[in-house]
file start-v4.cif (mmCIF, C-alpha atoms)
data_model
loop_
_atom_site.label_atom_id
_atom_site.label_comp_id
_atom_site.auth_asym_id
_atom_site.auth_seq_id
_atom_site.Cartn_x
_atom_site.Cartn_y
_atom_site.Cartn_z
CA MET A 163 -18.55 34.07 -21.52
CA LYS A 164 -15.19 35.41 -20.42
CA VAL A 165 -12.41 35.92 -22.97
CA GLY A 166 -9.86 33.11 -23.02
CA LYS A 167 -9.92 29.36 -22.49
CA ILE A 168 -13.33 28.26 -21.17
CA SER A 169 -13.47 27.08 -17.57
CA GLU A 170 -13.38 23.43 -16.59
CA SER A 171 -17.00 23.53 -15.40
CA VAL A 172 -18.22 25.01 -18.70
CA LEU A 173 -16.14 22.46 -20.62
CA LYS A 174 -17.73 19.57 -18.75
CA ARG A 175 -21.36 20.74 -18.86
CA SER A 176 -21.46 22.34 -22.31
CA VAL A 177 -18.90 20.43 -24.39
CA ILE A 178 -17.99 17.00 -23.06
CA LYS A 179 -21.57 16.31 -21.90
CA TYR A 180 -22.77 16.41 -25.50
CA ILE A 181 -20.10 14.16 -26.98
CA LYS A 182 -22.02 10.90 -27.17
CA SER A 183 -19.84 8.92 -29.58
CA LYS A 184 -17.64 6.37 -27.80
CA ASN A 185 -14.64 4.38 -29.01
CA ASP A 186 -12.69 2.16 -26.63
CA ASN A 187 -9.52 2.79 -28.65
CA ILE A 188 -9.57 6.53 -27.82
CA LYS A 189 -8.71 8.04 -24.42
CA SER A 190 -9.20 11.72 -23.60
CA GLY A 191 -11.00 13.98 -21.15
CA ALA A 192 -11.07 17.24 -19.21
CA GLY A 193 -7.61 18.27 -18.06
CA SER A 194 -5.87 16.08 -20.64
CA ASP A 195 -3.24 17.62 -22.89
CA CYS A 196 -3.99 15.29 -25.79
CA ALA A 197 -6.18 12.49 -27.06
CA ILE A 198 -4.54 9.08 -27.27
CA PHE A 199 -5.70 6.47 -29.76
CA SER A 200 -4.50 3.05 -30.86
CA CYS A 201 -4.40 1.71 -34.41
CA GLY A 202 -2.70 -1.39 -35.72
CA GLY A 203 -1.00 -2.04 -32.41
CA ALA A 204 0.58 1.42 -32.25
CA PHE A 205 -0.37 4.40 -30.10
CA PHE A 206 -0.82 7.92 -31.41
CA THR A 207 -1.50 11.26 -29.71
CA GLN A 208 -3.21 14.30 -31.11
CA SER A 209 -3.54 17.82 -29.74
CA VAL A 210 -4.84 21.15 -31.01
CA HIS A 211 -4.10 24.75 -30.05
CA SER A 212 -5.44 28.09 -31.27
CA PHE A 213 -3.62 31.41 -31.13
CA ALA A 214 -4.55 34.97 -32.13
CA LEU A 215 -1.50 36.29 -33.99
CA LYS A 216 -0.32 39.87 -33.63
CA GLU A 217 2.63 39.22 -35.94
CA PRO A 218 3.79 36.26 -38.10
CA ALA A 219 6.53 35.12 -35.69
CA GLU A 220 3.89 34.38 -33.03
CA ILE A 221 2.82 31.22 -34.92
CA LEU A 222 5.78 29.72 -33.03
CA PHE A 223 3.73 29.79 -29.82
CA ALA A 224 0.87 27.82 -31.40
CA VAL A 225 3.15 25.18 -32.93
CA MET A 226 5.11 24.73 -29.70
CA LYS A 227 1.97 24.47 -27.56
CA ALA A 228 0.36 21.82 -29.76
CA ALA A 229 3.61 19.82 -29.96
CA ASN A 230 4.14 20.05 -26.19
CA ASN A 231 0.65 18.71 -25.58
CA ALA A 232 1.18 15.77 -27.92
CA ALA A 233 4.45 14.96 -26.13
CA CYS A 234 2.66 14.78 -22.76
CA GLY A 235 1.16 11.48 -23.87
CA GLY A 236 4.65 10.03 -24.13
CA ALA A 237 4.74 10.51 -27.90
CA VAL A 238 7.19 11.95 -30.39
CA PRO A 239 5.39 14.67 -32.42
CA VAL A 240 5.80 13.97 -36.13
CA MET A 241 3.40 16.18 -38.08
CA ALA A 242 1.31 19.31 -37.84
CA THR A 243 -1.57 20.84 -39.76
CA VAL A 244 -2.09 24.60 -39.73
CA ALA A 245 -5.49 26.27 -40.22
CA LEU A 246 -5.59 30.06 -40.65
CA LEU A 247 -8.56 32.42 -40.56
CA LEU A 248 -7.59 35.80 -42.03
CA PRO A 249 -9.45 39.13 -42.02
CA LYS A 250 -10.15 40.45 -45.51
CA GLU A 251 -7.57 43.27 -45.23
CA THR A 252 -4.73 40.73 -44.82
CA GLU A 253 -2.02 41.05 -47.47
CA GLU A 254 -0.56 37.96 -49.11
CA LYS A 255 2.89 38.83 -47.78
CA MET A 256 1.54 38.39 -44.24
CA LEU A 257 0.34 34.89 -45.13
CA GLN A 258 3.73 34.03 -46.63
CA GLU A 259 5.53 35.21 -43.50
CA ILE A 260 3.23 33.21 -41.22
CA MET A 261 3.83 29.99 -43.14
CA LYS A 262 7.57 30.63 -43.32
CA GLU A 263 7.64 30.98 -39.52
CA ALA A 264 5.38 27.93 -39.05
CA ASP A 265 7.68 25.79 -41.18
CA LYS A 266 10.71 27.05 -39.24
CA ALA A 267 9.08 26.15 -35.92
CA ALA A 268 8.05 22.69 -37.14
CA ASP A 269 11.51 22.05 -38.57
CA ALA A 270 13.11 22.93 -35.21
CA LEU A 271 10.99 20.17 -33.65
CA GLN A 272 11.72 17.74 -36.51
CA MET A 273 8.06 17.77 -37.53
CA GLN A 274 6.48 17.94 -40.97
CA ILE A 275 3.70 20.40 -41.81
CA ALA A 276 1.29 18.02 -43.50
CA GLY A 277 -1.42 20.39 -44.66
CA GLY A 278 -4.16 22.54 -43.20
CA HIS A 279 -6.68 25.12 -44.34
CA THR A 280 -6.51 28.84 -45.10
CA GLU A 281 -9.56 31.07 -45.40
CA VAL A 282 -10.33 34.79 -45.57
CA SER A 283 -13.37 35.65 -43.47
CA GLU A 284 -15.40 38.74 -42.65
CA SER A 285 -16.12 37.18 -39.25
CA VAL A 286 -12.63 37.71 -37.81
CA SER A 287 -10.88 40.97 -36.96
CA GLY A 288 -7.41 39.49 -36.59
CA VAL A 289 -5.41 36.47 -37.74
CA MET A 290 -6.43 33.26 -35.94
CA ALA A 291 -4.21 30.19 -36.20
CA VAL A 292 -5.22 26.65 -35.22
CA VAL A 293 -2.44 24.07 -35.11
CA THR A 294 -3.05 20.32 -34.75
CA VAL A 295 -0.13 18.01 -33.97
CA THR A 296 0.01 14.21 -34.19
CA GLY A 297 2.59 12.14 -32.35
CA ILE A 298 3.63 8.48 -32.35
CA SER A 299 4.26 6.62 -29.10
CA GLY A 300 5.85 3.28 -28.27
CA GLU A 301 5.60 1.49 -24.95
CA ASP A 302 6.05 4.78 -23.08
CA VAL A 303 2.47 5.94 -23.75
CA LEU A 304 0.99 7.87 -20.81
CA PHE A 305 -2.77 7.81 -20.43
CA PRO A 306 -4.60 10.72 -18.75
CA GLY A 307 -4.98 10.66 -14.97
CA GLY A 308 -1.77 8.82 -14.15
CA ALA A 309 -0.65 10.76 -11.06
CA LYS A 310 -0.55 8.56 -7.92
CA ALA A 311 -0.59 9.40 -4.23
CA GLY A 312 2.87 9.51 -2.67
CA GLN A 313 4.64 10.59 -5.84
CA ASP A 314 6.81 13.69 -6.20
CA VAL A 315 5.68 16.57 -8.41
CA VAL A 316 8.53 17.86 -10.59
CA ALA A 317 8.53 21.07 -12.68
CA SER A 318 11.01 21.67 -15.50
CA LYS A 319 12.71 24.98 -16.34
CA TRP A 320 10.65 27.95 -15.07
CA ILE A 321 7.05 29.12 -14.93
CA GLY A 322 5.80 32.13 -16.91
CA LEU A 323 8.22 31.76 -19.84
CA GLU A 324 5.56 31.97 -22.57
CA GLY A 325 3.70 34.92 -21.09
CA THR A 326 6.91 36.80 -20.28
CA ALA A 327 8.17 36.40 -23.84
CA LEU A 328 4.87 37.57 -25.33
CA LEU A 329 4.62 40.63 -23.07
CA ALA A 330 8.24 41.60 -23.74
CA ARG A 331 7.74 41.32 -27.50
CA ARG A 332 4.43 43.19 -27.55
CA HIS A 333 5.13 45.82 -24.87
CA GLY A 334 8.91 46.16 -24.86
CA ASP A 335 8.90 49.98 -24.90
CA ARG A 336 6.57 50.16 -21.91
CA LEU A 337 8.62 47.63 -19.96
CA ALA A 338 11.89 49.43 -20.75
CA GLU A 339 10.55 52.48 -18.91
CA ARG A 340 10.36 50.49 -15.68
CA ILE A 341 13.00 47.74 -15.79
CA PRO A 342 16.53 47.51 -17.24
CA TYR A 343 16.64 47.20 -21.02
CA HIS A 344 18.83 44.08 -20.88
CA MET A 345 16.13 42.31 -18.85
CA VAL A 346 13.51 43.17 -21.46
CA LYS A 347 15.70 41.73 -24.23
CA GLU A 348 16.38 38.61 -22.16
CA ALA A 349 12.65 38.21 -21.56
CA GLU A 350 12.00 38.35 -25.31
CA GLU A 351 14.37 35.42 -25.78
CA PHE A 352 12.37 33.22 -23.38
CA ALA A 353 10.61 31.95 -26.51
CA SER A 354 13.69 29.78 -27.09
CA TYR A 355 12.72 27.73 -24.01
CA LEU A 356 9.16 26.92 -25.11
CA SER A 357 9.62 23.31 -26.23
CA VAL A 358 9.23 20.62 -23.55
CA LEU A 359 10.01 17.79 -25.97
CA PRO A 360 13.53 17.12 -24.57
CA GLU A 361 12.36 16.76 -20.95
CA ALA A 362 9.23 14.84 -21.98
CA ALA A 363 11.40 12.28 -23.79
CA ILE A 364 13.61 11.81 -20.73
CA ALA A 365 10.62 11.67 -18.38
CA ALA A 366 8.90 9.03 -20.51
CA LYS A 367 12.02 6.83 -20.20
CA SER A 368 12.23 7.50 -16.44
CA ASN A 369 8.94 5.81 -15.52
CA VAL A 370 6.94 8.95 -14.76
CA SER A 371 3.24 8.24 -14.41
CA ALA A 372 1.92 11.58 -15.67
CA MET A 373 3.02 14.69 -17.57
CA HIS A 374 1.14 17.95 -17.98
CA ASP A 375 2.13 20.97 -20.04
CA VAL A 376 1.92 24.20 -18.04
CA SER A 377 0.29 26.87 -20.20
CA GLY A 378 -3.00 28.81 -20.03
CA GLY A 379 -3.86 29.88 -16.49
CA GLY A 380 -0.28 29.29 -15.37
CA ILE A 381 1.16 26.86 -12.85
CA PHE A 382 -1.86 27.09 -10.52
CA ALA A 383 -4.23 26.00 -13.32
CA ALA A 384 -1.87 23.22 -14.45
CA LEU A 385 -1.54 21.81 -10.93
CA TRP A 386 -5.32 21.75 -10.55
CA GLU A 387 -5.77 20.01 -13.92
CA LEU A 388 -3.05 17.45 -13.13
CA ALA A 389 -4.77 16.55 -9.86
CA GLU A 390 -8.32 16.71 -11.22
CA SER A 391 -7.62 14.30 -14.08
CA ALA A 392 -6.34 11.69 -11.59
CA GLY A 393 -8.76 12.42 -8.75
CA VAL A 394 -5.93 13.10 -6.29
CA GLY A 395 -4.74 15.89 -4.00
CA LEU A 396 -1.54 17.92 -3.92
CA THR A 397 0.68 19.69 -1.43
CA ILE A 398 2.90 22.22 -3.20
CA ASP A 399 5.66 24.41 -1.74
CA LEU A 400 5.29 27.84 -3.37
CA LYS A 401 8.92 28.78 -2.77
CA LYS A 402 10.12 25.70 -4.68
CA ILE A 403 8.26 26.66 -7.85
CA PRO A 404 11.02 27.91 -10.22
CA VAL A 405 10.56 31.41 -11.64
CA ARG A 406 12.97 33.78 -13.39
CA GLN A 407 13.57 37.28 -12.05
CA GLU A 408 12.66 38.69 -15.48
CA THR A 409 9.19 37.15 -15.13
CA ILE A 410 8.76 38.65 -11.67
CA GLU A 411 9.77 42.11 -12.93
CA VAL A 412 7.48 41.95 -15.98
CA CYS A 413 4.53 40.80 -13.86
CA GLU A 414 5.08 43.61 -11.37
CA VAL A 415 4.92 46.19 -14.17
CA PHE A 416 1.54 44.86 -15.31
CA GLY A 417 0.19 44.03 -11.85
CA ILE A 418 -0.38 40.34 -12.57
CA SER A 419 0.63 37.08 -10.89
CA PRO A 420 3.43 34.94 -12.38
CA TYR A 421 1.58 31.89 -11.02
CA GLU A 422 -1.42 32.59 -13.28
CA LEU A 423 0.56 33.54 -16.40
CA LEU A 424 0.99 31.57 -19.65
CA SER A 425 3.76 29.10 -18.86
CA GLY A 426 4.54 27.13 -22.01
CA GLY A 427 8.05 25.70 -21.66
CA CYS A 428 7.42 24.34 -18.16
CA LEU A 429 6.43 20.68 -17.80
CA LEU A 430 4.85 19.04 -14.75
CA MET A 431 5.79 15.41 -14.10
CA THR A 432 4.89 12.95 -11.34
CA SER A 433 7.47 10.37 -10.29
CA ASP A 434 8.14 7.86 -7.52
CA ASN A 435 11.62 9.39 -7.25
CA GLY A 436 11.53 13.05 -8.14
CA GLU A 437 15.15 13.75 -7.19
CA SER A 438 16.35 11.03 -9.54
CA LEU A 439 14.33 12.59 -12.37
CA VAL A 440 15.75 16.03 -11.54
CA GLN A 441 19.27 14.58 -11.77
CA ALA A 442 18.49 12.93 -15.14
CA LEU A 443 17.28 16.25 -16.51
CA ASP A 444 20.21 18.15 -15.02
CA ALA A 445 22.58 15.76 -16.79
CA VAL A 446 21.36 17.18 -20.12
CA HIS A 447 21.29 20.77 -18.80
CA ILE A 448 17.53 21.02 -18.26
CA PRO A 449 16.82 22.69 -14.90
CA ALA A 450 14.07 21.09 -12.82
CA ALA A 451 12.87 20.99 -9.22
CA VAL A 452 10.70 18.86 -6.93
CA ILE A 453 7.92 21.25 -5.92
CA GLY A 454 5.58 19.03 -3.92
CA LYS A 455 3.76 15.76 -3.40
CA VAL A 456 0.68 13.98 -4.74
CA THR A 457 -1.68 13.08 -1.87
CA ASN A 458 -4.58 10.67 -1.45
CA SER A 459 -7.02 13.43 -0.48
CA HIS A 460 -8.91 15.79 -2.76
CA ASP A 461 -7.31 18.87 -1.20
CA ARG A 462 -4.98 20.85 -3.49
CA ILE A 463 -2.87 22.94 -1.12
CA VAL A 464 -0.13 25.51 -1.74
CA VAL A 465 2.16 26.17 1.23
CA ASN A 466 4.09 29.43 1.60
CA GLU A 467 6.06 29.17 4.86
CA GLU A 468 3.34 29.33 7.55
CA GLU A 469 0.55 30.21 5.12
CA ARG A 470 -1.60 27.50 3.52
CA ARG A 471 -4.08 28.18 0.73
CA PHE A 472 -6.30 25.96 -1.38
CA LEU A 473 -5.93 25.97 -5.15
CA GLU A 474 -9.00 27.25 -6.93
CA ARG A 475 -10.42 25.96 -10.18
CA PRO A 476 -8.44 27.34 -13.16
CA GLN A 477 -9.03 31.02 -13.86
CA THR A 478 -8.66 33.08 -17.05
CA ASP A 479 -4.98 33.57 -17.83
CA ALA A 480 -3.47 36.71 -16.35
CA ILE A 481 -2.32 37.94 -19.78
CA ILE A 482 -5.97 38.46 -20.80
CA LYS A 483 -6.16 41.36 -18.31
CA ILE A 484 -3.58 43.36 -20.28
#
call {"tool": "encode", "arguments": {"input": "start-v4.cif", "output": "structure tokens"}}
result
Amino acid sequence: MKVGKISESVLKRSVIKYIKSKNDNIKSGAGSDCAIFSCGGAFFTQSVHSFALKEPAEILFAVMKAANNAACGGAVPVMATVALLLPKETEEKMLQEIMKEADKAADALQMQIAGGHTEVSESVSGVMAVVTVTGISGEDVLFPGGAKAGQDVVASKWIGLEGTALLARRHGDRLAERIPYHMVKEAEEFASYLSVLPEAAIAAKSNVSAMHDVSGGGIFAALWELAESAGVGLTIDLKKIPVRQETIEVCEVFGISPYELLSGGCLLMTSDNGESLVQALDAVHIPAAVIGKVTNSHDRIVVNEEERRFLERPQTDAIIKI
């Protein structure tokens, strides 16, 4: 199989197909950011994310991703568990630094690290982190597949933030040979935008019907997953998708598309009144834009002036090519 997140078709035929246990109190499925379950009259969400760490500070990306996914169910993330698989040459200082950074990331989101598992294995060549986050939801719980025909599609902040930050941190010297140094440093700081918890909280109070975290495979993959989970179509205006110039420059250096790049920090939302939601987010200094409409067909179309193209099933994230 290809490196990276498995495709939707493989997920359905080789994973979900073999999950036979059923519980009416649990809702999940392909394209969903989190599982939602009820217990004692309350709703909880749970999500999991894995990340291959090149340095301790990168645990931030795993914690943020898992928390963002839990928030897409309308929940407030409250705790995380961290599992680490370490190659045998790992020094204890590396482990200490990873956990220090993990605790810092959780604290920034007002979450508690509630345990996990750490193991040294001959089967891994690098550090692999798996973060699981649990959230608590009230009446604002959002079940998978909530997007409805006629609604606006709203995107928060900008696409490509996560991938841009990672590439700038890992390949800063190479980038500085092609683009201004100040843009490389600014790109590194995109990691500060990775949490979507603030906009998710506002969206949940603004009667959105669906939220989807934009991450692996980029905005094109996220749009497909949003539509697929609800069985609806989309018409998206490419020029309205928000993207930073730093992301464009970084992608040009590596010859990749910003629309297929890791985009943690960007949240998709569907609303009956997208402009009203944009104004609510703007009031707390979170940029957002209406980028298209949900339709009652199964066509997922991206319009770029006179050009129209159909979205394809999610592909491997562009960062894997580098």
call {"tool": "residues_near_point", "arguments": {"input": "start-v4.cif", "point": "(3.2, 18.4, -45.1)", "cutoff": "12 Å", "atoms": "all atoms listed in the file", "output": "PyMOL selection string"}}
result
chain A and resi 240-244+261+264-265+268-269+273-279+295
call {"tool": "residues_around", "arguments": {"input": "start-v4.cif", "residues": "region 365-376 of chain A", "least_positions_apart": "3", "cutoff": "8 Å", "atoms": "all atoms listed in the file", "output": "PyMOL selection string"}}
result
chain A and resi 194-195+230-231+234-236+302-310+321+358+361-362+380-381+383-384+388+424-434+439
call {"tool": "write_last_selection", "arguments": {"input": "start-v4.cif", "atoms": "C-alpha atoms", "output": "mmCIF file, in the frame of the given file"}}
result
data_model
loop_
_atom_site.group_PDB
_atom_site.id
_atom_site.type_symbol
_atom_site.label_atom_id
_atom_site.label_comp_id
_atom_site.auth_asym_id
_atom_site.auth_seq_id
_atom_site.Cartn_x
_atom_site.Cartn_y
_atom_site.Cartn_z
ATOM 1 C CA SER A 194 -5.870 16.080 -20.640
ATOM 2 C CA ASP A 195 -3.240 17.620 -22.890
ATOM 3 C CA ASN A 230 4.140 20.050 -26.190
ATOM 4 C CA ASN A 231 0.650 18.710 -25.580
ATOM 5 C CA CYS A 234 2.660 14.780 -22.760
ATOM 6 C CA GLY A 235 1.160 11.480 -23.870
ATOM 7 C CA GLY A 236 4.650 10.030 -24.130
ATOM 8 C CA ASP A 302 6.050 4.780 -23.080
ATOM 9 C CA VAL A 303 2.470 5.940 -23.750
ATOM 10 C CA LEU A 304 0.990 7.870 -20.810
ATOM 11 C CA PHE A 305 -2.770 7.810 -20.430
ATOM 12 C CA PRO A 306 -4.600 10.720 -18.750
ATOM 13 C CA GLY A 307 -4.980 10.660 -14.970
ATOM 14 C CA GLY A 308 -1.770 8.820 -14.150
ATOM 15 C CA ALA A 309 -0.650 10.760 -11.060
ATOM 16 C CA LYS A 310 -0.550 8.560 -7.920
ATOM 17 C CA ILE A 321 7.050 29.120 -14.930
ATOM 18 C CA VAL A 358 9.230 20.620 -23.550
ATOM 19 C CA GLU A 361 12.360 16.760 -20.950
ATOM 20 C CA ALA A 362 9.230 14.840 -21.980
ATOM 21 C CA GLY A 380 -0.280 29.290 -15.370
ATOM 22 C CA ILE A 381 1.160 26.860 -12.850
ATOM 23 C CA ALA A 383 -4.230 26.000 -13.320
ATOM 24 C CA ALA A 384 -1.870 23.220 -14.450
ATOM 25 C CA LEU A 388 -3.050 17.450 -13.130
ATOM 26 C CA LEU A 424 0.990 31.570 -19.650
ATOM 27 C CA SER A 425 3.760 29.100 -18.860
ATOM 28 C CA GLY A 426 4.540 27.130 -22.010
ATOM 29 C CA GLY A 427 8.050 25.700 -21.660
ATOM 30 C CA CYS A 428 7.420 24.340 -18.160
ATOM 31 C CA LEU A 429 6.430 20.680 -17.800
ATOM 32 C CA LEU A 430 4.850 19.040 -14.750
ATOM 33 C CA MET A 431 5.790 15.410 -14.100
ATOM 34 C CA THR A 432 4.890 12.950 -11.340
ATOM 35 C CA SER A 433 7.470 10.370 -10.290
ATOM 36 C CA ASP A 434 8.140 7.860 -7.520
ATOM 37 C CA LEU A 439 14.330 12.590 -12.370
#
call {"tool": "resolve_selection", "arguments": {"input": "start-v4.cif", "expression": "the PyMOL selection byres ((chain A and resi 208-219) around 6)", "output": "list of chain:residue names"}}
result
A:Cys196, A:Ala197, A:Thr207, A:Glu220, A:Ile221, A:Ala224, A:Ala228, A:Asn231, A:Ala232, A:Glu259, A:Ile260, A:Glu263, A:Val289, A:Met290, A:Ala291, A:Val292, A:Val293, A:Thr294, A:Val295, A:Thr296
call {"tool": "closest_residue", "arguments": {"input": "start-v4.cif", "among": "A:Leu423, A:Leu337, A:Val464, A:Ala451", "to": "Thr478 (chain A)", "atoms": "only C-alpha atoms"}}
result
A:Leu423
call {"tool": "atom_distance", "arguments": {"input": "start-v4.cif", "atom1": "CA of Tyr421 (chain A)", "atom2": "CA of Leu443 (chain A)"}}
result
22.8 Å
call {"tool": "atom_distance", "arguments": {"input": "start-v4.cif", "atom1": "CA of Ser377 (chain A)", "atom2": "CA of Ser283 (chain A)"}}
result
28.4 Å
call {"tool": "atom_distance", "arguments": {"input": "start-v4.cif", "atom1": "CA of Gln477 (chain A)", "atom2": "CA of Gly334 (chain A)"}}
result
25.9 Å
call {"tool": "residues_around", "arguments": {"input": "start-v4.cif", "residues": "Asp461 (chain A)", "least_positions_apart": "4", "cutoff": "9 Å", "atoms": "all atoms listed in the file", "output": "list in words"}}
result
Val394, Gly395, Leu396, Thr397, Thr457, Phe472 and Leu473 of chain A
call {"tool": "closest_residue", "arguments": {"input": "start-v4.cif", "among": "A:Ile484, A:Leu329, A:Val446, A:Leu247", "to": "Ala353 (chain A)", "atoms": "all atoms listed in the file"}}
result
A:Leu329
call {"tool": "closest_residue", "arguments": {"input": "start-v4.cif", "among": "A:Val282, A:Gly297, A:Lys174, A:Ala233", "to": "Phe206 (chain A)", "atoms": "all atoms listed in the file"}}
result
A:Gly297
call {"tool": "closest_residue", "arguments": {"input": "start-v4.cif", "among": "A:Cys201, A:Val405, A:Ile364, A:Leu248", "to": "Ala445 (chain A)", "atoms": "only C-alpha atoms"}}
result
A:Ile364
call {"tool": "resolve_selection", "arguments": {"input": "start-v4.cif", "expression": "the PyMOL selection byres ((chain A and resi 315) around 7)", "output": "ChimeraX atom specification"}}
result
/A:313-314,316-317,430-433,436,452-456
call {"tool": "residues_near_point", "arguments": {"input": "start-v4.cif", "point": "(13.0, 24.4, -15.0)", "cutoff": "7 Å", "atoms": "all atoms listed in the file", "output": "list in words"}}
result
Ala317, Ser318, Lys319, Trp320, Pro404, Cys428, Ile448, Pro449, Ala450 and Ala451 of chain A
call {"tool": "residues_around", "arguments": {"input": "start-v4.cif", "residues": "Gly300 (chain A)", "least_positions_apart": "6", "cutoff": "10 Å", "atoms": "only C-alpha atoms", "output": "list in words"}}
result
Gly203, Ala204, Phe205, Phe206, Gly236, Ala237 and Val238 of chain A
call {"tool": "residues_around", "arguments": {"input": "start-v4.cif", "residues": "Thr326 (chain A)", "least_positions_apart": "6", "cutoff": "7 Å", "atoms": "all atoms listed in the file", "output": "ChimeraX atom specification"}}
result
/A:349,409,412
call {"tool": "decode", "arguments": {"input": "start-v4.cif", "residues": "region 382-419 of chain A", "atoms": "C-alpha atoms", "output": "compact mmCIF listing (two decimals), in the first residue's frame"}}
result
# COMPACT_ATOMS: atom_id res chain seq x y z
CA PHE A 382 -9.67 18.77 -1.62
CA ALA A 383 -9.69 15.60 0.52
CA ALA A 384 -11.60 17.32 3.34
CA LEU A 385 -14.29 18.62 0.97
CA TRP A 386 -14.76 15.13 -0.48
CA GLU A 387 -15.01 13.58 3.00
CA LEU A 388 -17.48 16.24 4.18
CA ALA A 389 -19.74 15.54 1.20
CA GLU A 390 -19.29 11.76 1.24
CA SER A 391 -20.28 11.41 4.90
CA ALA A 392 -23.58 13.22 4.19
CA GLY A 393 -24.23 11.82 0.71
CA VAL A 394 -24.41 15.30 -0.83
CA GLY A 395 -22.71 17.31 -3.57
CA LEU A 396 -20.67 20.50 -3.49
CA THR A 397 -19.92 23.47 -5.69
CA ILE A 398 -16.74 25.21 -4.52
CA ASP A 399 -15.14 28.42 -5.83
CA LEU A 400 -11.38 27.78 -5.93
CA LYS A 401 -10.52 31.48 -5.74
CA LYS A 402 -12.47 31.85 -2.48
CA ILE A 403 -10.44 29.18 -0.69
CA PRO A 404 -8.16 31.16 1.68
CA VAL A 405 -4.42 30.51 1.35
CA ARG A 406 -1.39 32.42 2.63
CA GLN A 407 1.31 33.62 0.24
CA GLU A 408 3.92 31.80 2.34
CA THR A 409 2.13 28.51 1.62
CA ILE A 410 2.08 29.24 -2.11
CA GLU A 411 5.81 30.04 -2.11
CA VAL A 412 6.74 26.93 -0.11
CA CYS A 413 4.63 24.69 -2.36
CA GLU A 414 6.22 26.15 -5.49
CA VAL A 415 9.70 25.31 -4.16
CA PHE A 416 8.72 21.67 -3.66
CA GLY A 417 6.46 21.38 -6.71
CA ILE A 418 3.35 20.39 -4.77
CA SER A 419 -0.23 21.65 -4.59
